[in-house]
Every structure is written in structure tokens, then in C-alpha cells.
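Participant: Take a look at my_file.cif, mmCIF, C-alpha atoms:
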data_entry
#
loop_
_atom_site.label_atom_id
_atom_site.label_comp_id
_atom_site.auth_asym_id
_atom_site.auth_seq_id
_atom_site.Cartn_x
_atom_site.Cartn_y
_atom_site.Cartn_z
CA MET A 1 0.00 0.00 0.00
CA GLU A 2 2.75 2.39 1.01
CA GLU A 3 4.60 1.67 -2.21
CA LEU A 4 1.51 2.40 -4.30
CA LEU A 5 1.02 5.72 -2.53
CA SER A 6 4.61 6.81 -2.97
CA THR A 7 4.58 5.82 -6.65
CA PHE A 8 1.45 7.89 -7.11
CA VAL A 9 2.77 11.00 -5.38
CA ARG A 10 6.08 10.74 -7.21
CA ALA A 11 4.32 10.46 -10.57
CA VAL A 12 2.07 13.46 -9.89
CA PHE A 13 4.57 15.91 -8.41
CA VAL A 14 8.21 14.85 -8.60
CA ASP A 15 8.24 13.23 -12.04
CA ASN A 16 5.47 15.36 -13.50
CA MET A 17 5.21 14.43 -17.18
CA LEU A 18 5.01 18.02 -18.29
CA PHE A 19 7.25 19.97 -15.99
CA ALA A 20 9.95 17.39 -15.42
CA TYR A 21 10.13 15.76 -18.86
CA TYR A 22 8.23 18.09 -21.20
CA LEU A 23 6.08 15.35 -22.64
CA GLY A 24 2.78 16.18 -24.26
CA MET A 25 3.92 19.74 -24.82
CA CYS A 26 2.31 20.25 -28.23
CA SER A 27 -1.25 19.56 -27.16
CA PHE A 28 -0.51 21.29 -23.86
CA LEU A 29 0.18 24.55 -25.68
CA ALA A 30 -2.49 24.12 -28.33
CA VAL A 31 -5.43 23.14 -26.12
CA SER A 32 -4.81 25.19 -22.96
CA LYS A 33 -6.83 28.21 -24.08
CA ASN A 34 -9.77 27.58 -21.73
CA VAL A 35 -10.23 25.50 -18.62
CA LYS A 36 -13.15 23.38 -19.82
CA THR A 37 -11.53 21.85 -22.91
CA ALA A 38 -8.26 21.51 -21.02
CA LEU A 39 -10.05 19.47 -18.37
CA GLY A 40 -11.65 17.24 -21.03
CA LEU A 41 -8.34 16.52 -22.71
CA GLY A 42 -6.67 15.91 -19.34
CA VAL A 43 -9.30 13.32 -18.38
CA ALA A 44 -8.98 11.57 -21.75
CA VAL A 45 -5.18 11.42 -21.48
CA THR A 46 -5.39 10.04 -17.93
CA PHE A 47 -7.86 7.38 -19.06
CA ILE A 48 -5.71 6.20 -21.96
CA LEU A 49 -2.60 6.15 -19.78
CA VAL A 50 -4.32 4.02 -17.13
CA CYS A 51 -5.52 1.56 -19.79
CA THR A 52 -2.45 1.24 -22.01
CA LEU A 53 0.29 1.10 -19.37
CA PRO A 54 -0.77 -2.24 -17.82
CA ILE A 55 -1.27 -3.75 -21.31
CA ASN A 56 2.16 -2.63 -22.43
CA TYR A 57 3.64 -3.85 -19.13
CA MET A 58 2.23 -7.34 -19.70
CA LEU A 59 3.47 -7.35 -23.30
CA GLU A 60 6.91 -6.18 -22.18
CA ASN A 61 7.24 -8.86 -19.50
CA TYR A 62 5.63 -11.83 -21.20
CA VAL A 63 6.55 -11.26 -24.86
CA LEU A 64 9.22 -8.68 -25.54
CA LYS A 65 11.90 -8.84 -22.84
CA GLU A 66 14.90 -11.11 -23.13
CA GLY A 67 13.79 -14.53 -21.93
CA ALA A 68 10.21 -13.32 -21.52
CA LEU A 69 8.89 -16.02 -23.80
CA GLY A 70 10.22 -18.68 -21.43
CA TRP A 71 6.68 -19.64 -20.39
CA LEU A 72 6.18 -21.14 -23.89
CA GLY A 73 8.89 -23.73 -23.30
CA THR A 74 12.69 -23.85 -23.05
CA ALA A 75 13.11 -23.46 -26.81
CA PHE A 76 11.79 -19.89 -26.58
CA ALA A 77 13.71 -18.88 -23.47
CA GLU A 78 16.54 -17.17 -25.33
CA ILE A 79 14.51 -15.03 -27.68
CA ASN A 80 14.95 -11.28 -27.22
CA LEU A 81 12.34 -9.20 -29.00
CA SER A 82 13.05 -5.89 -27.24
CA PHE A 83 13.91 -4.15 -30.52
CA LEU A 84 10.23 -4.48 -31.43
CA SER A 85 9.02 -2.68 -28.32
CA LEU A 86 8.57 0.76 -29.97
CA LEU A 87 6.41 -0.72 -32.73
CA ILE A 88 4.30 -2.80 -30.36
CA PHE A 89 3.78 0.00 -27.83
CA ILE A 90 2.65 2.53 -30.41
CA ALA A 91 0.40 -0.04 -32.07
CA VAL A 92 -1.29 -0.77 -28.73
CA ILE A 93 -1.71 2.93 -28.00
CA ALA A 94 -3.04 3.82 -31.45
CA SER A 95 -5.48 0.94 -31.62
CA PHE A 96 -6.64 1.57 -28.06
CA THR A 97 -7.30 5.21 -28.84
CA GLN A 98 -9.27 4.18 -31.91
CA LEU A 99 -11.22 1.65 -29.82
CA VAL A 100 -12.01 4.16 -27.08
CA GLU A 101 -13.11 6.63 -29.74
CA MET A 102 -15.55 4.11 -31.23
CA VAL A 103 -16.91 3.05 -27.82
CA ILE A 104 -17.47 6.63 -26.70
CA GLU A 105 -19.06 7.50 -30.04
CA ARG A 106 -21.50 4.60 -29.67
CA PHE A 107 -22.43 4.84 -25.98
CA ALA A 108 -21.83 8.46 -24.94
CA PRO A 109 -22.46 10.73 -27.91
CA ALA A 110 -22.54 13.86 -25.73
CA LEU A 111 -19.07 13.23 -24.35
CA TYR A 112 -17.89 12.35 -27.85
CA ALA A 113 -19.10 15.66 -29.19
CA SER A 114 -17.23 17.61 -26.54
CA LEU A 115 -14.01 15.60 -26.88
CA GLY A 116 -14.31 14.64 -30.55
CA ILE A 117 -11.34 16.42 -32.08
CA PHE A 118 -8.91 15.64 -29.28
CA LEU A 119 -9.51 11.92 -29.09
CA PRO A 120 -7.59 10.85 -32.21
CA LEU A 121 -4.83 13.32 -31.30
CA ILE A 122 -4.16 11.47 -28.07
CA ALA A 123 -2.50 8.64 -30.00
CA VAL A 124 0.34 11.03 -30.84
CA ASN A 125 0.54 12.65 -27.42
CA CYS A 126 4.12 12.08 -26.31
CA ALA A 127 3.03 11.73 -22.68
CA ILE A 128 1.33 8.40 -23.45
CA LEU A 129 4.22 6.76 -25.29
CA GLY A 130 6.57 8.40 -22.79
CA GLY A 131 4.69 6.66 -19.98
CA SER A 132 5.26 3.29 -21.62
CA LEU A 133 8.92 3.98 -22.30
CA PHE A 134 9.57 5.12 -18.72
CA MET A 135 7.73 2.03 -17.51
CA GLN A 136 10.14 -0.07 -19.58
CA GLN A 137 13.15 1.80 -18.23
CA ARG A 138 12.20 1.67 -14.55
CA ALA A 139 11.22 -2.01 -14.38
CA PHE A 140 8.25 -1.80 -12.01
CA GLU A 141 7.42 -4.76 -9.78
CA ASN A 142 3.86 -5.68 -10.71
CA VAL A 143 0.83 -4.59 -12.69
CA GLY A 144 -0.73 -2.76 -9.74
CA VAL A 145 2.19 -0.39 -9.35
CA VAL A 146 2.22 0.24 -13.10
CA THR A 147 -1.48 1.10 -13.14
CA VAL A 148 -1.00 3.52 -10.24
CA TYR A 149 1.98 5.04 -12.04
CA GLY A 150 -0.19 5.56 -15.13
CA LEU A 151 -2.93 7.16 -13.04
CA GLY A 152 -0.41 9.44 -11.31
CA SER A 153 1.23 10.56 -14.54
CA GLY A 154 -2.17 11.26 -16.05
CA ILE A 155 -3.33 13.31 -13.09
CA GLY A 156 -0.04 15.21 -13.03
CA TRP A 157 -0.57 16.12 -16.68
CA LEU A 158 -4.18 17.07 -15.98
CA LEU A 159 -3.14 19.38 -13.13
CA ALA A 160 -0.55 21.04 -15.33
CA ILE A 161 -2.83 21.70 -18.30
CA VAL A 162 -5.72 22.95 -16.16
CA GLY A 163 -3.39 25.29 -14.24
CA MET A 164 -1.95 26.59 -17.48
CA ALA A 165 -5.40 27.15 -18.97
CA ALA A 166 -6.47 29.11 -15.90
CA VAL A 167 -3.41 31.37 -16.17
CA ARG A 168 -3.96 31.91 -19.88
CA GLU A 169 -7.58 32.92 -19.38
CA LYS A 170 -6.37 35.72 -17.12
CA LEU A 171 -3.56 36.65 -19.52
CA ALA A 172 -6.05 37.98 -22.04
CA TYR A 173 -6.33 41.14 -19.93
CA SER A 174 -2.64 41.89 -19.52
CA ASN A 175 -0.40 44.13 -21.55
CA ILE A 176 2.30 41.97 -23.12
CA PRO A 177 4.96 43.16 -25.61
CA LYS A 178 3.59 42.52 -29.11
CA PRO A 179 6.14 39.96 -30.36
CA LEU A 180 5.69 37.86 -27.22
CA ARG A 181 1.92 37.61 -27.42
CA GLY A 182 0.40 34.17 -27.81
CA LEU A 183 3.07 31.52 -28.10
CA GLY A 184 5.98 33.42 -26.58
CA ILE A 185 4.38 34.28 -23.29
CA SER A 186 2.96 30.75 -22.94
CA PHE A 187 6.49 29.40 -23.11
CA ILE A 188 7.70 31.79 -20.41
CA ILE A 189 4.77 30.90 -18.14
CA THR A 190 5.36 27.19 -18.64
CA GLY A 191 9.00 27.76 -17.76
CA LEU A 192 8.08 29.60 -14.57
CA MET A 193 5.58 26.88 -13.61
CA GLY A 194 8.31 24.33 -14.29
CA ILE A 195 10.68 26.14 -11.92
CA GLY A 196 7.87 26.10 -9.36
CA PHE A 197 7.38 22.37 -9.75
CA MET A 198 11.11 21.81 -9.37
CA CYS A 199 10.81 22.42 -5.63
CA PHE A 200 8.96 19.11 -5.39
CA SER A 201 12.08 17.31 -6.56
CA GLY A 202 13.50 17.59 -3.04
CA LEU A 203 10.57 15.54 -1.77
CA LYS A 204 11.77 12.28 -0.20
CA ILE A 205 9.20 9.51 -0.36
CA MET B 206 20.33 23.19 -58.51
CA GLY B 207 17.43 22.38 -60.78
CA LEU B 208 14.73 23.22 -58.25
CA SER B 209 11.67 25.11 -59.38
CA THR B 210 10.53 28.15 -57.37
CA LYS B 211 7.75 26.16 -55.77
CA ASN B 212 10.08 23.39 -54.64
CA LYS B 213 12.55 25.94 -53.30
CA GLU B 214 9.74 27.46 -51.26
CA ILE B 215 8.82 24.00 -49.94
CA LEU B 216 12.43 23.36 -48.93
CA LEU B 217 13.37 26.76 -47.50
CA GLY B 218 10.05 28.03 -46.14
CA PRO B 219 10.22 25.97 -42.93
CA LEU B 220 13.61 27.45 -42.04
CA SER B 221 12.13 30.77 -40.96
CA LYS B 222 8.67 31.97 -42.04
CA ASN B 223 7.04 28.61 -41.54
CA ASN B 224 9.32 27.13 -38.91
CA PRO B 225 7.86 23.97 -37.36
CA VAL B 226 8.89 24.77 -33.78
CA ILE B 227 8.38 28.48 -33.32
CA ILE B 228 5.55 29.10 -35.80
CA GLN B 229 3.64 25.85 -36.27
CA MET B 230 4.15 24.85 -32.61
CA LEU B 231 5.15 21.29 -33.51
CA GLY B 232 7.79 19.04 -32.00
CA ILE B 233 8.29 21.12 -28.91
CA CYS B 234 8.63 18.29 -26.40
CA SER B 235 11.93 16.98 -27.67
CA ALA B 236 13.22 20.45 -28.53
CA LEU B 237 13.12 21.22 -24.83
CA ALA B 238 14.23 17.99 -23.31
CA VAL B 239 17.41 17.14 -25.22
CA THR B 240 19.01 20.56 -25.62
CA SER B 241 21.01 20.97 -22.43
CA LYS B 242 24.13 20.17 -24.50
CA LEU B 243 25.00 20.88 -28.12
CA GLU B 244 25.98 17.34 -29.14
CA PRO B 245 22.69 15.55 -28.37
CA SER B 246 20.87 18.47 -30.02
CA ILE B 247 22.74 17.90 -33.26
CA VAL B 248 22.23 14.13 -33.17
CA MET B 249 18.53 14.61 -32.46
CA ALA B 250 18.22 17.14 -35.31
CA VAL B 251 19.85 14.76 -37.79
CA SER B 252 17.73 11.79 -36.65
CA VAL B 253 14.47 13.70 -36.88
CA THR B 254 15.37 15.12 -40.32
CA ALA B 255 16.10 11.64 -41.65
CA VAL B 256 12.90 10.16 -40.21
CA VAL B 257 10.65 13.00 -41.42
CA ALA B 258 12.08 12.97 -44.94
CA PHE B 259 11.79 9.21 -45.43
CA ALA B 260 8.43 8.86 -43.70
CA ASN B 261 7.11 11.61 -45.96
CA VAL B 262 8.32 9.73 -49.04
CA ILE B 263 6.85 6.39 -47.94
CA ILE B 264 3.46 7.82 -46.98
CA SER B 265 3.39 9.86 -50.16
CA LEU B 266 3.94 6.69 -52.21
CA LEU B 267 1.20 4.90 -50.28
CA ARG B 268 -1.20 7.83 -50.15
CA ASN B 269 -3.68 6.47 -52.67
CA THR B 270 -3.94 3.03 -51.07
CA ILE B 271 -4.38 3.93 -47.37
CA PRO B 272 -8.01 3.86 -46.19
CA ALA B 273 -8.81 7.17 -44.51
CA ARG B 274 -10.20 5.63 -41.31
CA ILE B 275 -7.07 3.80 -40.24
CA ARG B 276 -4.50 6.18 -41.72
CA ILE B 277 -3.18 7.28 -38.33
CA ILE B 278 -2.29 3.72 -37.41
CA VAL B 279 -0.62 3.15 -40.79
CA GLN B 280 1.38 6.36 -40.41
CA LEU B 281 2.43 5.42 -36.90
CA VAL B 282 3.60 2.00 -38.01
CA VAL B 283 5.69 3.44 -40.86
CA VAL B 284 7.21 6.02 -38.52
CA ALA B 285 7.80 3.48 -35.76
CA ALA B 286 9.67 1.22 -38.17
CA LEU B 287 11.92 4.11 -39.29
CA VAL B 288 12.55 5.20 -35.71
CA THR B 289 13.47 1.65 -34.72
CA ILE B 290 16.10 1.69 -37.48
CA VAL B 291 17.45 5.06 -36.32
CA SER B 292 17.55 3.90 -32.72
CA GLU B 293 19.46 0.72 -33.60
CA VAL B 294 21.93 2.74 -35.71
CA LEU B 295 22.50 5.15 -32.82
CA LYS B 296 23.03 2.27 -30.40
CA ALA B 297 25.64 0.84 -32.74
CA PHE B 298 27.60 3.98 -33.65
CA ALA B 299 26.91 6.61 -30.97
CA PHE B 300 26.15 4.71 -27.79
CA ASP B 301 26.96 7.55 -25.36
CA VAL B 302 24.70 10.04 -27.09
CA ASN B 303 22.01 7.39 -27.31
CA LYS B 304 22.24 7.00 -23.52
CA GLN B 305 21.87 10.76 -23.02
CA LEU B 306 18.86 10.93 -25.31
CA SER B 307 17.31 7.94 -23.45
CA VAL B 308 13.58 7.70 -24.18
CA PHE B 309 13.60 10.67 -26.51
CA VAL B 310 14.83 8.60 -29.46
CA GLY B 311 11.71 6.46 -29.12
CA LEU B 312 9.64 9.55 -28.69
CA ILE B 313 10.53 10.73 -32.21
CA ILE B 314 7.53 8.56 -33.15
CA THR B 315 5.16 10.89 -31.39
CA ASN B 316 7.02 14.01 -32.46
CA CYS B 317 4.19 16.17 -33.72
CA ILE B 318 6.27 17.38 -36.68
CA LEU B 319 6.01 13.91 -38.16
CA MET B 320 2.27 13.53 -37.86
CA GLY B 321 1.76 17.15 -38.80
CA ARG B 322 3.75 16.91 -42.01
CA LEU B 323 2.38 13.48 -42.94
CA GLU B 324 -1.20 14.65 -42.47
CA ALA B 325 -0.78 18.09 -43.96
CA PHE B 326 1.63 17.44 -46.80
CA ALA B 327 2.55 13.86 -47.69
CA LEU B 328 -1.07 12.71 -48.00
CA GLY B 329 -1.67 15.19 -50.80
CA ASN B 330 1.62 15.53 -52.67
CA GLY B 331 4.05 13.49 -54.74
CA PRO B 332 7.14 11.75 -53.32
CA TRP B 333 9.76 14.31 -54.48
CA GLU B 334 7.92 17.33 -53.05
CA SER B 335 7.24 15.37 -49.89
CA PHE B 336 10.93 14.54 -49.56
CA LEU B 337 11.84 18.24 -49.89
CA ASP B 338 9.13 19.19 -47.41
CA GLY B 339 10.40 16.63 -44.90
CA LEU B 340 13.97 17.79 -45.37
CA GLY B 341 13.00 21.44 -44.97
CA ASN B 342 10.97 20.87 -41.83
CA GLY B 343 13.64 18.65 -40.34
CA LEU B 344 16.22 21.38 -40.95
CA GLY B 345 13.95 24.08 -39.56
CA TYR B 346 13.54 21.98 -36.42
CA GLY B 347 17.28 21.33 -36.35
CA ILE B 348 18.19 25.01 -36.52
CA ILE B 349 16.11 25.81 -33.45
CA LEU B 350 17.52 22.82 -31.58
CA VAL B 351 21.09 23.82 -32.37
CA ILE B 352 20.48 27.43 -31.32
CA ILE B 353 18.99 26.35 -27.98
CA GLY B 354 21.70 23.76 -27.41
CA PHE B 355 24.42 26.30 -28.25
CA PHE B 356 23.28 28.90 -25.73
CA ARG B 357 22.41 26.44 -22.98
CA GLU B 358 25.76 24.68 -23.17
CA LEU B 359 27.76 27.91 -23.57
CA LEU B 360 26.12 29.74 -20.67
CA GLY B 361 25.42 26.69 -18.52
CA SER B 362 28.69 24.79 -18.65
CA GLY B 363 31.04 27.15 -20.51
CA THR B 364 31.78 24.47 -23.11
CA LEU B 365 30.77 23.69 -26.71
CA LEU B 366 30.58 20.07 -27.86
CA GLY B 367 32.46 19.21 -24.65
CA PHE B 368 35.41 21.59 -25.27
CA GLN B 369 35.93 24.48 -22.94
CA VAL B 370 35.50 27.79 -24.79
CA ILE B 371 35.39 30.29 -21.94
CA PRO B 372 39.04 30.95 -21.02
CA ASP B 373 40.29 30.13 -17.51
CA VAL B 374 41.15 33.78 -16.93
CA PHE B 375 37.44 34.60 -16.82
CA TYR B 376 36.89 32.11 -14.02
CA GLN B 377 39.83 33.59 -12.08
CA TRP B 378 38.20 36.99 -12.38
CA GLY B 379 35.10 35.57 -10.79
CA TYR B 380 32.96 34.44 -13.75
CA VAL B 381 30.63 31.61 -12.73
CA ASN B 382 28.70 29.26 -15.01
CA ASN B 383 24.99 29.83 -14.86
CA GLY B 384 23.78 26.49 -13.50
CA LEU B 385 20.18 27.50 -14.10
CA MET B 386 20.69 27.14 -17.86
CA ILE B 387 21.20 23.38 -17.49
CA LEU B 388 17.85 22.95 -15.78
CA PRO B 389 14.94 22.03 -18.07
CA PRO B 390 12.71 25.10 -17.44
CA MET B 391 15.34 27.39 -18.94
CA ALA B 392 14.89 25.72 -22.33
CA LEU B 393 11.39 27.19 -22.41
CA ILE B 394 12.68 30.65 -21.63
CA VAL B 395 15.33 30.36 -24.37
CA VAL B 396 12.65 29.33 -26.88
CA ALA B 397 10.54 32.28 -25.77
CA VAL B 398 13.49 34.62 -26.40
CA ILE B 399 14.01 33.10 -29.86
CA ILE B 400 10.32 33.66 -30.62
CA TRP B 401 10.58 37.22 -29.32
CA VAL B 402 13.55 38.05 -31.56
CA HIS B 403 12.07 36.28 -34.58
CA ARG B 404 8.69 37.96 -34.29
CA SER B 405 10.04 41.42 -33.69
CA ARG B 406 11.94 41.01 -36.96
CA ASN B 407 8.91 39.61 -38.81
CA LYS B 408 6.04 41.87 -37.79
CA ASP B 409 3.49 39.97 -39.87
CA LEU B 410 3.81 36.91 -37.63
CA GLN B 411 2.73 38.66 -34.44
CA GLU B 412 -0.47 37.50 -32.73
CA ASN B 413 -3.07 39.76 -31.23
#
Have the structure of the file written as C-alpha cells, please.

Facilitator:
Amino acid sequence: MEELLSTFVRAVFVDNMLFAYYLGMCSFLAVSKNVKTALGLGVAVTFILVCTLPINYMLENYVLKEGALGWLGTAFAEINLSFLSLLIFIAVIASFTQLVEMVIERFAPALYASLGIFLPLIAVNCAILGGSLFMQQRAFENVGVVTVYGLGSGIGWLLAIVGMAAVREKLAYSNIPKPLRGLGISFIITGLMGIGFMCFSGLKI
Amino acid sequence: MGLSTKNKEILLGPLSKNNPVIIQMLGICSALAVTSKLEPSIVMAVSVTAVVAFANVIISLLRNTIPARIRIIVQLVVVAALVTIVSEVLKAFAFDVNKQLSVFVGLIITNCILMGRLEAFALGNGPWESFLDGLGNGLGYGIILVIIGFFRELLGSGTLLGFQVIPDVFYQWGYVNNGLMILPPMALIVVAVIIWVHRSRNKDLQEN
């Protein structure tokens, strides 16, 4: 239990996808113009992360890793398929996004209408593939921890994009030098928020 | 060079007026994460250029046979295959840099420049134009990466490509490296400064 909690807090604050690794930056800057859509995208990203990370973890440990195919018999014990991991991970993510899109379209048309355009874009959100690649690098113990890690990363991303959207809504009323308006000032604000989040890196859990 | 005016525009436009990073807002994630030193920035720029150019050509050749509904998956598979090749090549010939880039080599797959160019250009144009477009956008991305990497390494560690460029005398006089430049948030500020300079020179690009 303790381990799950610490993984979660680490994923949300210390290893925040956006402010510590700059993943998912493109949609972060493009969709953070108002809080409502930002929240919708954040929830969708969290959902996909929670679903795809455990699947990719199973694939990594029972198919791709060196010796992972051992459960098929001794003849398979020496096969190392790790060079295929990029292809497999992105295929899982892309097909899962497509699946989720179809399910939502069929059973929750209202939600689909409000999320519509962002859903297919999630497949190419770096935060999702980044989650899988970090999972591969850190070698988590079991599926539970991985799921919690996915949830934490997703919520960290959600916090970041909602915070950013709130700041940008207020920015509309401020007097910014002309060449910095729009993209420029968003970068500076993200940088300042990143410096703020860096103080969490001293957190010992 | 036997390039027509249109092709020249396709190749050179992305370098400034239509730059993928600072105008189209694509491929920002990796531009920020790998640029604390100049060397990984250059390697990243070259890798991305190669992947964009070839992915553009392949998708452009396939563009009439891909069903519209599953095109994103097809594009991702083509890109993932190319990135796997790049990653294996890097592991074989530049292992140290590959270590520094860590997950960001894999993340070229989700680099928005790729999807953006494939969707916006390769699906509607012939292979040769697509190749030029990929090359141009890769170079435009590379230029920004190299600029950021240059300033962050120069101001942050006083070196370029690992060689010390700020003379020892400066340090004896009390010059100190700005450690803040190494930290990730400073990459954002550097990009913002680049945007500031670029837009004050090109007034037509300013937003309201």
C-alpha cells in the first residue's frame, strides 16, 4: 500500500510528465486556451494512460523482454524481442485510442461531441508513449504499481494543463509586448511553472 | 540546382517563415528535453530530419492506397519502423549520445512534426515534393535545436561540444557558469526569447 502511494505522489509531483520531462507539450500549448476543454483533454489522457500502461507492461514482460517467452517452453527462453518494443507499444496505444473513440461514439455521444477532435490526437501525445517507455526503463514490480503510475502521470498532466489554462484565461487582460503575445508568453509561463514544480524534486518519499 | 521556385519554397520556407517549432508549434517536447548540451541536439536534429524525410516519401507513395479511417495507425507503423532503425543505428555507432537521449529517441515517433507533415503534406503531394518538405521541416527543427543547445551549453557549462571555450582567466576573475541554464525550465525561456527576436523582426507573424 505504502509503495503504491509513494509511486502515485512521485508520478504526480516529482516526475510530473510536463514539468519534469516536457512530454505532451504540443497539445498542452495548443489546447490550454480555456479550462473546460483543457479538463476534457486531461481526463482523456489520464484514461488512456491508465488503460495502455498495464497492457504494455504485460506485453513487455511476457513477450518482448529477453527470456520473456520462457513460459512457452525452453526453446523460446533465449529469444529477445526488445527491438520491437517501440512498434508494439505505439500499435497498442493507437489501436486503443481508436477503440475508445468508437466506444465513446457509440455509448456516450454527448461526451464524444465535446471531446471529438482531441480523441484521435491522443495517440500522438508524447506523454502516453513516454509513460510506456519510462515504464520499460524503470522495471516496475507488478501490474498494480504500473497502473498507479499511469494514473499518477495522467493526473499530473491534468493538473498542469488545467493550471496553465487558468493562467492563460487571465492573460487575455494583460499588456504583453507585441512579439511575445500568444506563443511566446505561454512558453515563459510554462518555464516559470516548471521552476515552481522543481521544488517538489526535493521531496523524499 | 534544378529546383523550381515552388520546390525551393517548400524546402526553404520551414527554415524561418514557416518554422515547425516556433511558428507551427510542432515538435516542442523533444526540442526542450534534449538541448542541455550541443551534441545531443545535433544528433537529435539529424535523426528527426532523416525520419521525417523518409516517412514523408513512404506515406506519399502509399497515399492512394491507405483507407482514410485507419491512416493514423498506418502512419504510426511506418514512422515506428523508421525510428526503430534510427535507434538501432544510434546504439551501434553513438552509444553515449544514445544513452543521453534515453527515451527521446523512441519519442521521435510521437514528435508532432512527423504527424503534422504526414497529415498536412505527404497525404496530398508526390514523393519528391514530400521529400523536400520533410527535409525542410527537419532542418527548420534542427536550426532551433542547435540554437537552444548552443546557448544552454555555452552559458550553462562554458563548453561547446564538450570543449571548454570560456578561457580560464574569466573564471579567475570571478565568472561563474549559470547552473540555471542546465535545468529544463530554462529551455522554455530560451525558446521564448528566440520567438521574441524572430517575431520582432517579422512583424506579420505577431499575434493579437

Participant: Determine the nearest neighbour of chain A from the options B:Pro245, B:Gly329, B:Pro390, B:Gly361, counting only C-alpha atoms.

Facilitator: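 The closest residue to chain A is B:Pro390.
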
Participant: Would you please work out which residue, of B:Leu231, B:Ala238, B:Val310, B:Val283, is nearest to Leu183 (chain A) when using all atoms listed in the file?

Facilitator: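 Ranked by minimum distance to Leu183 (chain A), first place goes to B:Leu231.
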
Participant: Which residues fall under the PyMOL selection byres ((chain B) within 7 of (chain A)) in this file, as a PyMOL selection string?

Facilitator: chain B and resi 230-234+237-238+278+282+285-286+289+308+311-312+315+390-391+393-394+397+400-401+404-405+411-413

Participant: Could you tell me which of A:Leu49, A:Phe76, A:Ala110, A:Phe13 comes closest to Thr97 (chain A) if we count only C-alpha atoms?

Facilitator: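 Closest to Thr97 (chain A), using only C-alpha atoms: A:Leu49.
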
Participant: Quick one: pull the distance between CA of Ile55 (chain A) and CA of Ile161 (chain A), Å, one decimal.

Facilitator: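 So the two atoms, CA of Ile55 (chain A) and CA of Ile161 (chain A), lie 25.7 Å apart.
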
Participant: Between B:Leu287, B:Gln229, B:Val248, B:Ser362, which is the closest to Tyr376 (chain B) once you count all atoms listed in the file?

Facilitator: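 Of B:Leu287, B:Gln229, B:Val248, B:Ser362, the one nearest Tyr376 (chain B) is B:Ser362, counting all atoms listed in the file.
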
Participant: For region 117-136 of chain A, supply N, CA and C atoms and format the output as an mmCIF file, keeping the file's coordinate frame.

Facilitator:
data_model
loop_
_atom_site.group_PDB
_atom_site.id
_atom_site.type_symbol
_atom_site.label_atom_id
_atom_site.label_comp_id
_atom_site.auth_asym_id
_atom_site.auth_seq_id
_atom_site.Cartn_x
_atom_site.Cartn_y
_atom_site.Cartn_z
ATOM 1 N N ILE A 117 -12.579 16.133 -31.362
ATOM 2 C CA ILE A 117 -11.340 16.420 -32.080
ATOM 3 C C ILE A 117 -10.090 15.968 -31.344
ATOM 4 N N PHE A 118 -10.141 15.953 -30.004
ATOM 5 C CA PHE A 118 -8.910 15.640 -29.280
ATOM 6 C C PHE A 118 -8.632 14.160 -29.213
ATOM 7 N N LEU A 119 -9.706 13.347 -29.299
ATOM 8 C CA LEU A 119 -9.510 11.920 -29.090
ATOM 9 C C LEU A 119 -8.465 11.308 -30.025
ATOM 10 N N PRO A 120 -8.601 11.465 -31.358
ATOM 11 C CA PRO A 120 -7.590 10.850 -32.210
ATOM 12 C C PRO A 120 -6.196 11.427 -31.976
ATOM 13 N N LEU A 121 -6.130 12.684 -31.521
ATOM 14 C CA LEU A 121 -4.830 13.320 -31.300
ATOM 15 C C LEU A 121 -4.074 12.693 -30.131
ATOM 16 N N ILE A 122 -4.823 12.025 -29.246
ATOM 17 C CA ILE A 122 -4.160 11.470 -28.070
ATOM 18 C C ILE A 122 -3.149 10.404 -28.452
ATOM 19 N N ALA A 123 -3.422 9.689 -29.568
ATOM 20 C CA ALA A 123 -2.500 8.640 -30.000
ATOM 21 C C ALA A 123 -1.098 9.200 -30.188
ATOM 22 N N VAL A 124 -0.990 10.464 -30.603
ATOM 23 C CA VAL A 124 0.340 11.030 -30.840
ATOM 24 C C VAL A 124 0.762 11.966 -29.714
ATOM 25 N N ASN A 125 0.096 11.858 -28.559
ATOM 26 C CA ASN A 125 0.540 12.650 -27.420
ATOM 27 C C ASN A 125 1.773 11.972 -26.818
ATOM 28 N N CYS A 126 2.884 12.726 -26.766
ATOM 29 C CA CYS A 126 4.120 12.080 -26.310
ATOM 30 C C CYS A 126 4.004 11.559 -24.892
ATOM 31 N N ALA A 127 3.123 12.157 -24.075
ATOM 32 C CA ALA A 127 3.030 11.730 -22.680
ATOM 33 C C ALA A 127 2.636 10.260 -22.590
ATOM 34 N N ILE A 128 1.805 9.784 -23.523
ATOM 35 C CA ILE A 128 1.330 8.400 -23.450
ATOM 36 C C ILE A 128 2.452 7.427 -23.777
ATOM 37 N N LEU A 129 3.107 7.649 -24.934
ATOM 38 C CA LEU A 129 4.220 6.760 -25.290
ATOM 39 C C LEU A 129 5.337 6.925 -24.281
ATOM 40 N N GLY A 130 5.552 8.163 -23.816
ATOM 41 C CA GLY A 130 6.570 8.400 -22.790
ATOM 42 C C GLY A 130 6.311 7.572 -21.554
ATOM 43 N N GLY A 131 5.045 7.486 -21.135
ATOM 44 C CA GLY A 131 4.690 6.660 -19.980
ATOM 45 C C GLY A 131 5.149 5.229 -20.176
ATOM 46 N N SER A 132 4.863 4.671 -21.364
ATOM 47 C CA SER A 132 5.260 3.290 -21.620
ATOM 48 C C SER A 132 6.773 3.124 -21.631
ATOM 49 N N LEU A 133 7.466 4.115 -22.220
ATOM 50 C CA LEU A 133 8.920 3.980 -22.300
ATOM 51 C C LEU A 133 9.572 4.113 -20.927
ATOM 52 N N PHE A 134 9.035 5.004 -20.080
ATOM 53 C CA PHE A 134 9.570 5.120 -18.720
ATOM 54 C C PHE A 134 9.283 3.839 -17.934
ATOM 55 N N MET A 135 8.090 3.283 -18.168
ATOM 56 C CA MET A 135 7.730 2.030 -17.510
ATOM 57 C C MET A 135 8.762 0.954 -17.854
ATOM 58 N N GLN A 136 9.159 0.915 -19.130
ATOM 59 C CA GLN A 136 10.140 -0.070 -19.580
ATOM 60 C C GLN A 136 11.489 0.164 -18.905
#
